[in-house]
Structure formats: structure tokens, C-alpha cells
Amino acid sequence: MATAAQLVAQRLYEAGCRHAFGIPGGEVLTVMEALKAAGLEFVLVKHENSGGFMAEGTFHVTGAPGVLLATVGPGVANAVNVIVNAEQDRVPLIFLTGCVDPAEAQTYNHQVFDHAALIGSVGKASFTLVDGAVDTIIDKAVSIAMDGRPGPVHIDISTAIAGREQPAEALTRRVMPAPVAPASGPDLDFARKLLRNAERPVLIAGVEVLEHDAADTVAAFARDFSIPAITTYKAKGVLPENDPLSLGGWGLSPLGDSHLLPLVKTSDLILLAGYDPIEMRSSWVKAWDVEKTAVIEFSGVPNTHYVHQASLSFIGNVGAGIATLRKGVEPHPVWSNGAPLETRKVLAEAFPTDEAWGPAAICDEVNRLLPDDAIASVDTGAHRILLSSVWRAKKPHTLIQSSALCTMGCALPLAMGAKLADPSRPVVAFTGDAGLEMILGELATLRDLRLPVVTVVFVDASLALIEMKQRASGMDNLGVDFGKTDFAAVACALGGNGVDVDNRSDLASAVSDGLTAGTFTVIAAHIDRTAYDGRI
């Protein structure tokens, strides 16, 4: 017979999980032992928020849910931000928490609060493990985390339940739903007619393309029908960005929008492939008029956001939907005025990377050095908007970030999780100096894990994006400046390599050395605090 904790661990291993991240406490020791016995490596972190992002990093590589473990009280509270991030950024995350026994909680309140009330309000679901239904609950948790719109699922496990043997019964395993394609009928016929007659079609691809493993299908569709493709940040690389049809990945750049939205507005057919507008800035709210432009939407979940509307909406598997749409429709010449190629050219001119030194040069130099399957993560800030605009992703899941919640301090732990999941792939994290200062303790985690992750820090001693907004609004400089940290020295003090750079050549050497080093490397890339002016 297996204990409750062992049943939970076994189901997570079956789901493909191989790591769990967190900080132990007395209430979760039994769970930790069960995870280890089942084949999941427990990784000690310095903060639960970082542990959640490391768990997400493993998901981007393996496709399996991330696993975060926290003890009662403050451990749970520390994780709230990353749980919200997982909900908004569609990350399947299993959050295991320890708790005191229900009877004990009636007369004991040290560190005790209602975990389920807190996490259930921001996550996808919350369960409390109970005798006789342990296997059902963990199967539900994994299924719900991966279903529809993926997200975080919480399980509270009391110390008494964790070690208690459960009845020897047949394991509960729900069959995963098969991909659903649009049914034949008037709507599908009309959609094919719209595609057949379109002269200026545009494709906008989002995160669901990755969730439904539909990148190849969507890329082939764009190429076969010569349709220019815009992606969100998360979908970068669905169509390799060296393809002439790729207009890049966008979301938060006013400069990028000024060139992309006019093209979208002149289109006569907008195809939305797994597009979730939660990644986009406000200029994409009602970015088209369905009374004037035909819009066909393929999504795994109904539109409840009302950011945009569609002429036709097909709910199901994005890849199956696109494959069904194209049946019986022959490709034909489109965009006779050459507007998409001109837009691609104008975007390249608006976001040049040929500067001698600066944030774009930093992005360009590292992008040039990395192989196509390397993984880059990027933190939140001005540097992220610029990097996402100029970075050329050749494959999906190779640029990872917090793009819906936009959390600072995520890039390094995301990179760490990705590197743990696949040590053979080069991994580089890009972060601002403020973002790294939030999580400096995780450099010690890097040291302990002996992970050769390269972290490039944009050093300008300012919250550059907010400072730009202050200046643009005529406000005083307030609460955005701070002193310069010697990141190279900090890295060395914590057992890694640290390098200061202020030119392309030194940066290239530092990155190349860091990728083959036996420990982590922090590269402090010094730039002017006004380097982003007019660039994003």
C-alpha cells in the first residue's frame, strides 16, 4: 500500500515532472521524501517566488507541469505572485503546500491561515487532500492544470494525511481529450470562402499555438498561403523570425504598434491562431472593426476578455482548426502592394541593431552567438521590450518571459529551471540591474547547482521604463534611481564568474567563455540610462 504523499509523487512522475522547487518546513518533509523516492529531484531555493519561476522554466523545456513546494504560512504567502503569474501566463503549475491537521487548527493558530481561500482566489483550482480520494485529487489537479487554459492548481496536504497509507485500489487516470477540429457546416464553409477570397490576409499567433503543439501546422499554413505572421511575445519563433513572412513578436512596444497596427487595419482577413490578448498593450483593444474586416478566430477557450471580437470563432485545438480550414482551399497571390515586406523593412529600420554599443547591440551580439535551439529568458523592463522587438527567435519556446503579469525578477530563475531540465542546451538570462537585485540570493542557488547559466545585466542604475514615463509626463524624477551594484564582484563572491563589459568584443568573449564554464557567469553590461529613448 502507498501513502498519500507517495500517490501524489507517483502521479507527478507519470506526468513527466522530474524536479520540485521550494523551501522545506516540518509540514512537508514527508512529501519531500515521497517526491525523491518517485524520481523528482528537490531543488532548494532562496525564495518561493523564484522557485515557482524555476518550475516554469522546466515546463517550457519538457511540457510537463512545474512543481512548487511550500510549507505552512509564510511559505505559502511568499508564492502568491508566482501563482498569479502562472494563472495569467498560462503555466501549468502544481503547488503543494503543507498545513496543520484540521482538528489541530481549531485550537492552534501559529502561522495558520486559510491557504485554499488565498490561493484558490488567484489560481485555477485548490484542493485539500483527504483520505480515500488522494489518487482522484492528484489526477484532477494534473488534468485541470493542463486542460483548456493551463494554470496553477493548489493542493493542501496535512502532516497526518501525507504519511497515511491509502486503500489499494485501481488508480484513477482520466483520458486526455483528443484534439477537436471545427465541424462541417455553414460557419466552416464561410470561413473557407473568406480565406479563398482574401487579398490582404494577416495571421496573429499566440501562446495557444504552443499549448496545442501546433507551431509546425501554423508555420506551414502561413508559408503555403504567403500570409504575413505577427506573434505575441510567447509565440515568438512559431514562424522562424528570419522568414520573410515573419513580422516578429510584439506586445508592449508603442513604436512597434505604430507600424504594425496600420497593416492590420488595412487587412481584409485577420486569422487569430491561439491568440490571447493578455500579452498586449492597450492599443490592441478593439484594434479592428469586425463590421469592416473579417476575423476568424481559433482558440481553445471562448472569448470572455472582450479585448477584441471575431466574425467567426472556432473553439477547439488550434492546429486541428487551421488544418481543417485549409482543406479544399488553394493558395493564391495576396498582398499585391507588397505592404507586409515594406512593414518588415520599416520595423527593422525602427529597431536597428547595428549600433556600436547599447541595449540593442547587447541583444544582437548574444543573439548572433547562440545556436537556434538555445534558450534565452528576459526580465521585465525597458530592456525586455527592446529585446523582444529585435531578438530573432528561430524556434518556439526559445525566448521565455513573464509577458502577461510582467513580473520582475523572473529571468534568472526561468533560466535556471530550463537549464536543469535540459543541461545540454545553452541558456542565457537577460535582466535589468533592479530585477537582479531583487533575487541576488538565487546566485547562491546557481552556485550550489553548478549550473553554467550566463546572466547578462543591463546596468544603468535606473528603473528605465518608469523613468522614461516620468519624463514623458513632465513629472519629477522620483523613486526610480538607485546606486550601482558591483555585480561582477558579487558573482565572484558567491562562487561564480563576474565580468564588466562596455563593448561588443568583450561581451562576445564573456558570453562564449560563460557558456563553457563550470559555474555561472554574470556579465554586467554598462549602458547609459537614456539608451532606450525613442527605441521602444
# chains A, B, ... in the order shown; residues from 1 in each chain; ligands from 1
>>> residues_around(residues="A:Ala219", least_positions_apart="3", cutoff="12 Å", atoms="only C-alpha atoms", output="number ranges by chain")
A: 203-205, 209-210, 213-216, 222-231, 235-241, 243, 245-246, 273, 319, 322-323, 394-396
>>> residues_around(residues="stretch 447-456 of chain A", least_positions_apart="2", cutoff="8 Å", atoms="only C-alpha atoms", output="CSV table (one decimal) with N, CA and C atoms, in the first residue's frame")
chain,number,residue,atom,x,y,z
A,412,LEU,N,16.2,35.1,-14.3
A,412,LEU,CA,17.2,34.2,-13.8
A,412,LEU,C,16.6,32.9,-13.4
A,415,ALA,N,15.6,30.8,-16.3
A,415,ALA,CA,16.8,30.2,-17.0
A,415,ALA,C,17.3,29.0,-16.2
A,416,MET,N,17.3,29.1,-14.9
A,416,MET,CA,17.8,28.0,-14.1
A,416,MET,C,16.9,26.8,-14.3
A,419,LYS,N,17.6,25.2,-17.7
A,419,LYS,CA,18.9,24.5,-17.7
A,419,LYS,C,18.9,23.2,-16.9
A,420,LEU,N,18.2,23.2,-15.8
A,420,LEU,CA,18.1,21.9,-15.1
A,420,LEU,C,17.4,20.9,-15.9
A,426,PRO,N,22.4,25.6,-24.4
A,426,PRO,CA,22.9,26.8,-23.8
A,426,PRO,C,21.7,27.7,-23.3
A,427,VAL,N,21.9,28.3,-22.2
A,427,VAL,CA,20.9,29.1,-21.6
A,427,VAL,C,21.5,30.5,-21.1
A,428,VAL,N,20.8,31.6,-21.5
A,428,VAL,CA,21.2,32.9,-21.2
A,428,VAL,C,20.1,33.7,-20.6
A,429,ALA,N,20.3,34.3,-19.5
A,429,ALA,CA,19.2,35.2,-18.9
A,429,ALA,C,19.6,36.7,-19.1
A,430,PHE,N,18.6,37.5,-19.5
A,430,PHE,CA,18.8,38.9,-19.6
A,430,PHE,C,18.0,39.6,-18.5
A,431,THR,N,18.6,40.5,-17.8
A,431,THR,CA,17.9,41.1,-16.7
A,431,THR,C,18.3,42.6,-16.5
A,443,LEU,N,21.7,33.6,-6.9
A,443,LEU,CA,23.0,33.3,-7.4
A,443,LEU,C,23.7,32.2,-6.6
A,444,ALA,N,23.4,32.2,-5.3
A,444,ALA,CA,23.9,31.1,-4.4
A,444,ALA,C,23.3,29.8,-4.8
A,445,THR,N,22.0,29.8,-5.2
A,445,THR,CA,21.4,28.6,-5.7
A,445,THR,C,22.1,28.1,-6.9
A,458,PHE,N,21.7,44.5,-17.7
A,458,PHE,CA,21.7,45.8,-18.3
A,458,PHE,C,21.9,46.8,-17.1
A,494,LEU,N,30.1,35.0,-4.7
A,494,LEU,CA,29.2,33.8,-4.5
A,494,LEU,C,29.6,32.6,-5.2
A,495,GLY,N,30.8,32.6,-5.7
A,495,GLY,CA,31.3,31.4,-6.4
A,495,GLY,C,31.2,31.3,-7.8
A,496,GLY,N,30.8,32.3,-8.5
A,496,GLY,CA,30.7,32.3,-10.0
A,496,GLY,C,31.8,33.2,-10.6
A,511,VAL,N,30.4,36.0,-23.1
A,511,VAL,CA,29.3,35.0,-23.3
A,511,VAL,C,29.9,33.7,-23.7
A,514,GLY,N,31.5,32.0,-20.8
A,514,GLY,CA,30.5,31.6,-19.8
A,514,GLY,C,29.7,30.4,-20.2
A,515,LEU,N,29.4,30.2,-21.5
A,515,LEU,CA,28.7,29.0,-21.9
A,515,LEU,C,29.5,27.7,-21.7
A,516,THR,N,30.8,27.8,-21.6
A,516,THR,CA,31.6,26.6,-21.5
A,516,THR,C,32.2,26.5,-20.1
A,517,ALA,N,31.8,27.4,-19.2
A,517,ALA,CA,32.4,27.5,-17.9
A,517,ALA,C,31.8,26.4,-17.0
A,518,GLY,N,32.5,26.1,-15.9
A,518,GLY,CA,32.0,25.1,-14.9
A,518,GLY,C,31.1,25.7,-13.9
A,519,THR,N,30.8,27.0,-14.0
A,519,THR,CA,30.0,27.6,-13.0
A,519,THR,C,29.2,28.7,-13.7
A,520,PHE,N,28.4,29.5,-12.9
A,520,PHE,CA,27.6,30.5,-13.5
A,520,PHE,C,28.5,31.8,-13.8
A,521,THR,N,28.0,32.6,-14.7
A,521,THR,CA,28.7,33.8,-15.1
A,521,THR,C,27.7,35.0,-15.1
A,522,VAL,N,28.1,36.1,-14.5
A,522,VAL,CA,27.3,37.3,-14.5
A,522,VAL,C,28.1,38.3,-15.3
A,523,ILE,N,27.4,38.9,-16.4
A,523,ILE,CA,28.1,39.9,-17.2
A,523,ILE,C,27.4,41.2,-17.0
A,524,ALA,N,28.1,42.1,-16.4
A,524,ALA,CA,27.5,43.5,-16.2
A,524,ALA,C,27.8,44.3,-17.4
A,525,ALA,N,26.7,44.6,-18.2
A,525,ALA,CA,26.8,45.3,-19.4
A,525,ALA,C,26.4,46.8,-19.1
>>> closest_residue(among="A:His154, A:Arg529, A:Arg504, A:Arg535", to="A:Val459", atoms="only C-alpha atoms")
A:Arg529
>>> residues_around(residues="A:Ala464", least_positions_apart="3", cutoff="10 Å", atoms="only C-alpha atoms", output="ChimeraX atom specification")
/A:381-383,432,434,460-461,467-470,480-481,528-533
>>> closest_residue(among="A:Arg326, A:Lys345, A:Lys265, A:Arg384", to="A:Phe221", atoms="only C-alpha atoms")
A:Arg326
>>> closest_residue(among="A:Ala145, A:Met1, A:Val61, A:Ala294", to="A:Arg18", atoms="only C-alpha atoms")
A:Val61
>>> closest_residue(among="A:Gly57, A:Gly300, A:Pro333, A:Gly248", to="A:Val318", atoms="only C-alpha atoms")
A:Gly300
>>> closest_residue(among="A:Gly328, A:Pro186, A:Gly479, A:Gly417", to="A:Gly66", atoms="only C-alpha atoms")
A:Gly417
>>> atom_distance(atom1="atom CA of A:Glu169", atom2="atom CA of A:Val142")
19.3 Å
>>> select_by_dssp(residues="stretch 30-252 of chain A", states="strand (DSSP E or B)", output="MDAnalysis selection string")
chainID A and resid 41:44 66:70 93:99 125:128 152:158 165 201:205 229:232 246:250
>>> residues_around(residues="A:Ser512", least_positions_apart="5", cutoff="10 Å", atoms="only C-alpha atoms", output="VMD selection string")
chain A and resid 366 369 to 370 454 506 to 507 517
>>> closest_residue(among="A:Thr172, A:Ala191, A:Leu263, A:Glu437", to="A:Gly321", atoms="only C-alpha atoms")
A:Ala191
